[in-house]
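A short write-up of the structure that comes next.
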Protein chains: 2
Amino acid sequence: MDKPYVIGIDVGGTNTVAGIVDKRGQIILSGSIKTGTHSEVEDYLDELTVLLDDLIAKTTTKDQIKGIGAGTPNGNYFSGCIEFAPNLPWKGVIPFAQMLEDRVGLPVTLTNDANAAAIGEMAYGAARGMKDFIVITLGTGVGSGIVVNGHLVYGHDGFAGELGHVIMRRNNGRLCGCGRNGCLEAYTSATGMARTAREYLELQPNLQTKLRDIPAEDITSKDVFDAAMAGDAMAKDIFKFTGEMLGEAFADFVAFSSPEAIILFGGLSKAGDLIMDPIRESMERNLLKIFKGKIKLMFSSLKESDSAVLGASALGWEAK
Amino acid sequence: MDKPYVIGIDVGGTNTVAGIVDKRGQIILSGSIKTGTHSEVEDYLDELTVLLDDLIAKTTTKDQIKGIGAGTPNGNYFSGCIEFAPNLPWKGVIPFAQMLEDRVGLPVTLTNDANAAAIGEMAYGAARGMKDFIVITLGTGVGSGIVVNGHLVYGHDGFAGELGHVIMRRNNGRLCGCGRNGCLEAYTSATGMARTAREYLELQPNLQTKLRDIPAEDITSKDVFDAAMAGDAMAKDIFKFTGEMLGEAFADFVAFSSPEAIILFGGLSKAGDLIMDPIRESMERNLLKIFKGKIKLMFSSLKESDSAVLGASALGWEAK
């Protein structure tokens with residue numbers, strides 16, 4: 001008999017959320033534990049196992065669960081390991097899937113957060129029925145999950161889809177967290193937008209803007225959003241700059257895999273038209289003729305609070 | 001019973017070559033006709049049909065042939081059409097696969113030249129046993145065939161893999177044949193290299209170089225190659241510039257699909273280490289840390305004269 005449930009786990013730097021999910025993509029029950037407070041991964045997994053056992057006991061039995069899918073920073077689908085994740089307390093290579101499997105007794109499949117988001121969009125969200133699309137996650141960093149012909153692109157080593165790290169400025173590019181210069185992420189992540197704000201304030205010292213009321217080092221993308229919504233010209237320019245660069249990058253991504261849609265996901269996508277309008281205009285202007293007018297630009301249709309768990313859970317159905 | 005043969009057709013702007021190919025990738029018999037002399041596609045297809053019938057009659061019978069694969073400029077795998085090919089005499093959308101099928105009575109599958117090269121490398125060449133790789137064709141233009149998880153990437157409309165048209169210079173980029181500015185192809189195709197030579201000659205009027213013996217407008221990439229092999233400093237610099245840009249572009253391609261290998265194919269790849277050394281150095285320098293030292297750079301292992309026909313023929317095995 002087909003098992004009716006899977007478990008989705010979203011491992012974030014601060015919190016870990018787990019949920020029991022049914023075939024229609026409904027989260028039946030969910031719960032969370034702290035991630036960052038456990039310096040030993042063993043302690044963390046022990047607490048996570050208690051949570052999972054509790055969620056299962058309250059809804060069903062273990063033999064009704066097909067598998068567990070987990071989305072983690074730097075999660076490698078092929079190896080089941082978390083590899084050198086900068087924002088987690090556990091260093092090096094952690095055989096996360098195997099360790100959790102040993103504790104819970106259910107098959108565990110792992111991938112990174114952006115790939116989990118793409119799987120979630122395909123199973124339950126904006127990409128239902130699509131076989132070729134790209135999810136771009138705009139948050140603290142810029143991530144991507146690429147789907148080609150109905151399958152996630154993992155690459156030969158499980159690390160494909162690092163589209164936050166294509167080079168957009170080959171000369172004098174900003175230093176990126178990856179150690180290189182000029183990456184898309186250094187400009188168009190939430191933190192990149194805040195850097196743009198600080199640059200604009202310094203380069204235009206006489207321009208009036210609400211952003212000057214905030215200590216420069218404290219400015220966040222949320223401040224830029226609030227100022228732009230209140231009509232602040234500099235803040236609107238920052239969104240225009242950010243969106244235009246994303247549009248330029250998207251035109252190159254289209255030349256690679258010719259997706260039906262590019263779907264925006266994560267914090268910055270809450271800015272709506274403020275970010276989407278310049279992306280669309282810039283992408284269309286930069287596309288090769290054969291692609292013009294063909295590529296859908298969309299926001300994720302999943303509830304932000306649920307999407308990470310749903311996306312990860314969809315991997316649970318792959319279990320053998 | 002399994003049919004033992006397929007037919008491969010390479011439609012070029014000047015010549016069309018067709019060959020009967022067996023399961024081991026041996027071209028049993030081949031022949032060619034002129035492409036450009038037929039202003040009507042019907043006349044061209046009539047002559048091609050005579051050639052195919054002749055090749056078949058001399059080797060086997062029609063019922064022993066599984067199907068026909070054709071690699072053509074702007075060939076669309078999904079539609080079977082040649083769409084707006086600038087270097088062919090037939091304009092607009094030509095339902096090439098259907099028209100040939102009607103004449104020959106065998107199933108015809110179509111794709112573009114670079115995709116055919118990638119299929120050929122996978123079936124018979126340097127990419128045997130690989131599931132993730134990219135073929136870059138360096139000729140009059142720059143093309144690409146991308147394989148992910150053992151399958152060619154066609155995209156939602158059949159036009160994926162236009163990697164010659166990612167933007168490498170966002171300011172003051174060279175005008176490309178596609179109408180945009182700064183494309184990889186405008187710099188690193190054979191014609192792009194000749195443009196680089198003319199630029200270098202103009203910008204360094206006092207530098208001694210063999211390239212100055214040739215009228216600037218007549219310089220070809222072959223001239224640059226010959227001069228570099230003879231030790232000419234400017235010619236070597238032109239190869240360095242070309243290879244470095246290719247390496248930068250390859251580092252971005254790796255961030256997309258994390259291929260096991262990137263395989264160079266076509267005219268410029270004959271330059272060997274002259275082009276490969278700067279590509280390798282630049283790609284490694286520009287790669288994200290997780291990819292460094294992992295990506296193979298190789299030349300096509302197929303005989304240039306056979307590869308296009310072999311690649312196209314591999315599509316013939318897909319016939320139902």
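Ligands are numbered from 1 in the order shown, residues from 1 within each chain, and chains are lettered A, B, ... in the order they appear in the structure tokens.
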- Item | Close residues, range 260-265 of chain A itself excluded, 7 Å, only C-alpha atoms, min 4 positions apart in chain, as a PyMOL selection string | (chain A and resi 132-138+269+295-300) or (chain B and resi 156)
Go ahead and save the residues from that selection, with C-alpha atoms, as a JSON list (two decimals), in the first residue's frame.
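Output (selection22.json):
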[["chain", "number", "residue", "atom", "x", "y", "z"],
["A", 132, "ASP", "CA", 11.83, 23.75, -17.11],
["A", 133, "PHE", "CA", 12.13, 26.59, -14.62],
["A", 134, "ILE", "CA", 14.55, 28.29, -12.24],
["A", 135, "VAL", "CA", 13.84, 29.35, -8.66],
["A", 136, "ILE", "CA", 15.95, 32.26, -7.45],
["A", 137, "THR", "CA", 16.03, 32.74, -3.68],
["A", 138, "LEU", "CA", 16.63, 36.34, -2.65],
["A", 269, "SER", "CA", 10.56, 38.98, -3.22],
["A", 295, "ILE", "CA", 9.85, 33.77, -20.21],
["A", 296, "LYS", "CA", 7.40, 34.08, -17.31],
["A", 297, "LEU", "CA", 8.58, 35.99, -14.23],
["A", 298, "MET", "CA", 6.66, 35.00, -11.10],
["A", 299, "PHE", "CA", 6.71, 35.11, -7.36],
["A", 300, "SER", "CA", 6.56, 31.90, -5.36],
["B", 156, "HIS", "CA", 11.00, 24.62, -22.69]]
- Task: Might you pull out every residue within 10 Å of range 112-124 of chain A, with only C-alpha atoms counted and same-chain residues fewer than 6 positions away left off, and present them as a ChimeraX atom specification?
- Result: /A:8-12,23-26,69-77,82,130-138,142-147,150-154,158-162,263,265-266,300-302,306-315
- Message: Could you pull out the strand (DSSP E or B) residues of range 32-246 of chain A, going by DSSP on the backbone, and write them as a PyMOL selection string?
- Response: chain A and resi 32-34+65-72+75+82-83+93-94+108-112+133-138+142-148+151-152+167+175+181+183
- Task: Using DSSP on the backbone, list every residue of range 13-117 of chain B that comes out as helix (DSSP H, G or I), and give them as a ChimeraX atom specification.
- Result: /B:41-59,62-64,96-104,113-117
- Message: Need to verify the contact set: range 216-225 of chain A, 7 Å, only C-alpha atoms, exclusion of same-chain residues closer than 5 positions in sequence. Can you return it as a ChimeraX atom specification?
- Response: /A:190-191,193-194,198,235,271
- Item | Å distance separating CA of Glu248 in chain B from CA of Ser189 in chain A, one decimal place | 22.3 Å
- Task: Find, counting only C-alpha atoms, the residue in B:Leu211, B:Ile65, B:Cys176, B:Leu29 that gets nearest to chain A.
- Result: B:Cys176
- Query: Looking at only C-alpha atoms, which of B:Glu47, B:Asp252, B:Asp102, B:Glu318 is the one that sits closest to chain A?
  - Reply: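 Once distances to chain A are computed over only C-alpha atoms, the minimum belongs to B:Asp252.
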- Might you pull out every residue within 10 Å of Leu55 in chain A, with only C-alpha atoms counted and same-chain residues fewer than 3 positions away left off, and present them as a VMD selection string? chain A and resid 7 18 to 20 28 to 31 49 to 52 58 to 61
Those same residues, written as a PDB file, in the first residue's frame with C-alpha atoms?
ATOM      1  CA  ILE A   7       8.231  14.467   6.680  1.00  0.00           C
ATOM      2  CA  ALA A  18       9.762  19.903  10.761  1.00  0.00           C
ATOM      3  CA  GLY A  19       6.322  18.972   9.501  1.00  0.00           C
ATOM      4  CA  ILE A  20       4.260  15.911   8.571  1.00  0.00           C
ATOM      5  CA  ILE A  28      -0.757  18.126   9.059  1.00  0.00           C
ATOM      6  CA  LEU A  29       1.360  19.046  12.067  1.00  0.00           C
ATOM      7  CA  SER A  30       4.639  20.874  12.545  1.00  0.00           C
ATOM      8  CA  GLY A  31       7.072  21.841  15.277  1.00  0.00           C
ATOM      9  CA  THR A  49      14.539  12.874  16.826  1.00  0.00           C
ATOM     10  CA  VAL A  50      12.441  13.572  19.930  1.00  0.00           C
ATOM     11  CA  LEU A  51      10.524  16.209  17.955  1.00  0.00           C
ATOM     12  CA  LEU A  52       9.959  13.867  14.995  1.00  0.00           C
ATOM     13  CA  LYS A  58       0.362  12.676  17.400  1.00  0.00           C
ATOM     14  CA  THR A  59      -0.693  12.063  13.790  1.00  0.00           C
ATOM     15  CA  THR A  60       0.041   8.561  12.539  1.00  0.00           C
ATOM     16  CA  THR A  61       2.502   5.668  12.832  1.00  0.00           C
TER      17      THR A  61
END
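With only C-alpha atoms as the basis for measurement, B:Ala85 is the residue among B:Ala57, B:Ala230, B:Ile238, B:Ala85 that approaches chain A most closely.
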- So which residues touch Pro86 in chain B within 10 Å, counting only C-alpha atoms, skipping near sequence neighbours fewer than 3 positions away, as a VMD selection string? chain B and resid 13 73 to 74 83 89 to 92 177
- Message: Just to confirm, what's the straight-line distance from CA of Ser39 in chain B to CA of Gln98 in chain B in Å (one decimal)?
- Response: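 Result for CA of Ser39 in chain B versus CA of Gln98 in chain B: 19.0 Å, one decimal.
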- Query: So which residues touch Lys292 in chain A within 12 Å, counting only C-alpha atoms, skipping near sequence neighbours fewer than 3 positions away, as a list in words?
  - Reply: Ala251, Val254, Ala255, Ser258, Glu260, Arg280, Glu281, Ser282, Met283, Glu284, Arg285, Asn286, Leu287, Leu288, Lys289, Ile295 and Lys296 of chain A
Could the residues in this selection be saved with N, CA and C atoms as a short mmCIF file (atom, residue, chain, number, x, y, z; two decimals), in the first residue's frame?
data_model
loop_
_atom_site.label_atom_id
_atom_site.label_comp_id
_atom_site.auth_asym_id
_atom_site.auth_seq_id
_atom_site.Cartn_x
_atom_site.Cartn_y
_atom_site.Cartn_z
N ALA A 251 18.80 37.11 -18.04
CA ALA A 251 18.91 36.96 -19.50
C ALA A 251 20.00 35.94 -19.84
N VAL A 254 18.71 32.40 -19.02
CA VAL A 254 17.78 31.93 -20.05
C VAL A 254 18.58 31.35 -21.23
N ALA A 255 19.69 32.00 -21.60
CA ALA A 255 20.53 31.49 -22.69
C ALA A 255 21.07 30.10 -22.36
N SER A 258 16.95 27.96 -21.11
CA SER A 258 15.66 28.32 -21.71
C SER A 258 14.47 27.86 -20.87
N GLU A 260 10.84 27.91 -18.83
CA GLU A 260 9.51 28.47 -19.06
C GLU A 260 9.27 29.64 -18.12
N ARG A 280 11.87 42.76 -14.84
CA ARG A 280 11.20 42.40 -16.11
C ARG A 280 11.71 43.27 -17.25
N GLU A 281 11.76 44.58 -17.00
CA GLU A 281 12.19 45.51 -18.05
C GLU A 281 13.62 45.18 -18.49
N SER A 282 14.50 44.95 -17.52
CA SER A 282 15.91 44.70 -17.83
C SER A 282 16.09 43.34 -18.49
N MET A 283 15.40 42.31 -18.00
CA MET A 283 15.53 40.99 -18.59
C MET A 283 15.09 41.03 -20.06
N GLU A 284 13.93 41.61 -20.32
CA GLU A 284 13.43 41.65 -21.70
C GLU A 284 14.40 42.41 -22.61
N ARG A 285 14.94 43.51 -22.12
CA ARG A 285 15.88 44.31 -22.91
C ARG A 285 17.15 43.52 -23.22
N ASN A 286 17.55 42.64 -22.30
CA ASN A 286 18.82 41.93 -22.46
C ASN A 286 18.70 40.54 -23.09
N LEU A 287 17.48 40.05 -23.26
CA LEU A 287 17.32 38.70 -23.81
C LEU A 287 17.70 38.63 -25.29
N LEU A 288 18.23 37.49 -25.71
CA LEU A 288 18.36 37.17 -27.13
C LEU A 288 16.96 37.23 -27.76
N LYS A 289 16.92 37.64 -29.03
CA LYS A 289 15.62 37.81 -29.71
C LYS A 289 14.72 36.57 -29.59
N ILE A 295 9.47 34.29 -21.53
CA ILE A 295 9.85 33.77 -20.21
C ILE A 295 8.96 34.39 -19.14
N LYS A 296 8.25 33.57 -18.39
CA LYS A 296 7.40 34.08 -17.31
C LYS A 296 8.26 34.46 -16.11
#
- Message: Between CA of His38 in chain A and CA of Ile290 in chain B, what is the distance in Å, rounded to a tenth?
- Response: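 It comes out at 26.1 Å.
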- Extract, using only C-alpha atoms, all DNA, RNA and protein residues at most 12 Å from Asp237 in chain B, discarding same-chain residues fewer than 3 positions from it, and format them as number ranges by chain. B: 193, 196-197, 200-201, 209, 224-225, 227-229, 231-234, 240-244, 274-275, 278
Selected residues, N, CA and C atoms, written as a PDB file, in the first residue's frame, please.
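Once written, selection-v8.pdb looks like this:
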ATOM      1  N   MET B 193      38.254  36.465 -32.744  1.00  0.00           N
ATOM      2  CA  MET B 193      39.708  36.543 -32.586  1.00  0.00           C
ATOM      3  C   MET B 193      40.327  37.440 -33.643  1.00  0.00           C
ATOM      4  N   THR B 196      39.831  40.875 -32.557  1.00  0.00           N
ATOM      5  CA  THR B 196      40.799  41.220 -31.510  1.00  0.00           C
ATOM      6  C   THR B 196      42.134  41.595 -32.141  1.00  0.00           C
ATOM      7  N   ALA B 197      42.539  40.833 -33.162  1.00  0.00           N
ATOM      8  CA  ALA B 197      43.809  41.124 -33.836  1.00  0.00           C
ATOM      9  C   ALA B 197      43.783  42.531 -34.428  1.00  0.00           C
ATOM     10  N   TYR B 200      44.093  45.056 -31.606  1.00  0.00           N
ATOM     11  CA  TYR B 200      45.452  45.119 -31.053  1.00  0.00           C
ATOM     12  C   TYR B 200      46.382  45.893 -31.995  1.00  0.00           C
ATOM     13  N   LEU B 201      46.245  45.640 -33.304  1.00  0.00           N
ATOM     14  CA  LEU B 201      47.110  46.318 -34.283  1.00  0.00           C
ATOM     15  C   LEU B 201      46.888  47.826 -34.234  1.00  0.00           C
ATOM     16  N   THR B 209      55.042  43.093 -35.265  1.00  0.00           N
ATOM     17  CA  THR B 209      54.324  41.808 -35.303  1.00  0.00           C
ATOM     18  C   THR B 209      54.151  41.360 -36.746  1.00  0.00           C
ATOM     19  N   VAL B 224      46.533  34.288 -37.008  1.00  0.00           N
ATOM     20  CA  VAL B 224      46.968  34.537 -35.631  1.00  0.00           C
ATOM     21  C   VAL B 224      47.632  33.269 -35.088  1.00  0.00           C
ATOM     22  N   PHE B 225      47.039  32.121 -35.392  1.00  0.00           N
ATOM     23  CA  PHE B 225      47.608  30.855 -34.957  1.00  0.00           C
ATOM     24  C   PHE B 225      49.016  30.659 -35.532  1.00  0.00           C
ATOM     25  N   ALA B 227      51.126  32.853 -36.656  1.00  0.00           N
ATOM     26  CA  ALA B 227      52.063  33.818 -36.085  1.00  0.00           C
ATOM     27  C   ALA B 227      52.460  33.419 -34.662  1.00  0.00           C
ATOM     28  N   ALA B 228      51.460  32.983 -33.878  1.00  0.00           N
ATOM     29  CA  ALA B 228      51.750  32.581 -32.493  1.00  0.00           C
ATOM     30  C   ALA B 228      52.697  31.384 -32.469  1.00  0.00           C
ATOM     31  N   MET B 229      52.461  30.428 -33.355  1.00  0.00           N
ATOM     32  CA  MET B 229      53.326  29.248 -33.409  1.00  0.00           C
ATOM     33  C   MET B 229      54.749  29.630 -33.800  1.00  0.00           C
ATOM     34  N   GLY B 231      56.117  32.253 -32.775  1.00  0.00           N
ATOM     35  CA  GLY B 231      56.689  32.999 -31.661  1.00  0.00           C
ATOM     36  C   GLY B 231      56.305  34.470 -31.590  1.00  0.00           C
ATOM     37  N   ASP B 232      55.382  34.903 -32.426  1.00  0.00           N
ATOM     38  CA  ASP B 232      54.977  36.311 -32.446  1.00  0.00           C
ATOM     39  C   ASP B 232      54.272  36.705 -31.138  1.00  0.00           C
ATOM     40  N   ALA B 233      54.788  37.753 -30.478  1.00  0.00           N
ATOM     41  CA  ALA B 233      54.287  38.110 -29.147  1.00  0.00           C
ATOM     42  C   ALA B 233      52.836  38.583 -29.183  1.00  0.00           C
ATOM     43  N   MET B 234      52.493  39.443 -30.144  1.00  0.00           N
ATOM     44  CA  MET B 234      51.113  39.938 -30.192  1.00  0.00           C
ATOM     45  C   MET B 234      50.138  38.794 -30.447  1.00  0.00           C
ATOM     46  N   LYS B 240      45.977  34.515 -25.520  1.00  0.00           N
ATOM     47  CA  LYS B 240      45.843  34.631 -24.075  1.00  0.00           C
ATOM     48  C   LYS B 240      44.535  35.365 -23.731  1.00  0.00           C
ATOM     49  N   PHE B 241      44.292  36.474 -24.410  1.00  0.00           N
ATOM     50  CA  PHE B 241      43.077  37.248 -24.171  1.00  0.00           C
ATOM     51  C   PHE B 241      41.837  36.389 -24.437  1.00  0.00           C
ATOM     52  N   THR B 242      41.855  35.668 -25.559  1.00  0.00           N
ATOM     53  CA  THR B 242      40.699  34.844 -25.946  1.00  0.00           C
ATOM     54  C   THR B 242      40.472  33.723 -24.932  1.00  0.00           C
ATOM     55  N   GLY B 243      41.554  33.039 -24.558  1.00  0.00           N
ATOM     56  CA  GLY B 243      41.436  31.936 -23.613  1.00  0.00           C
ATOM     57  C   GLY B 243      40.999  32.410 -22.240  1.00  0.00           C
ATOM     58  N   GLU B 244      41.518  33.565 -21.824  1.00  0.00           N
ATOM     59  CA  GLU B 244      41.134  34.067 -20.505  1.00  0.00           C
ATOM     60  C   GLU B 244      39.648  34.381 -20.439  1.00  0.00           C
ATOM     61  N   LEU B 274      47.844  26.381 -27.041  1.00  0.00           N
ATOM     62  CA  LEU B 274      47.812  27.840 -27.207  1.00  0.00           C
ATOM     63  C   LEU B 274      46.512  28.426 -26.685  1.00  0.00           C
ATOM     64  N   ILE B 275      45.416  27.717 -26.886  1.00  0.00           N
ATOM     65  CA  ILE B 275      44.127  28.193 -26.396  1.00  0.00           C
ATOM     66  C   ILE B 275      43.778  27.545 -25.054  1.00  0.00           C
ATOM     67  N   PRO B 278      45.625  29.141 -21.437  1.00  0.00           N
ATOM     68  CA  PRO B 278      44.991  30.300 -20.795  1.00  0.00           C
ATOM     69  C   PRO B 278      43.563  30.021 -20.321  1.00  0.00           C
TER      70      PRO B 278
END
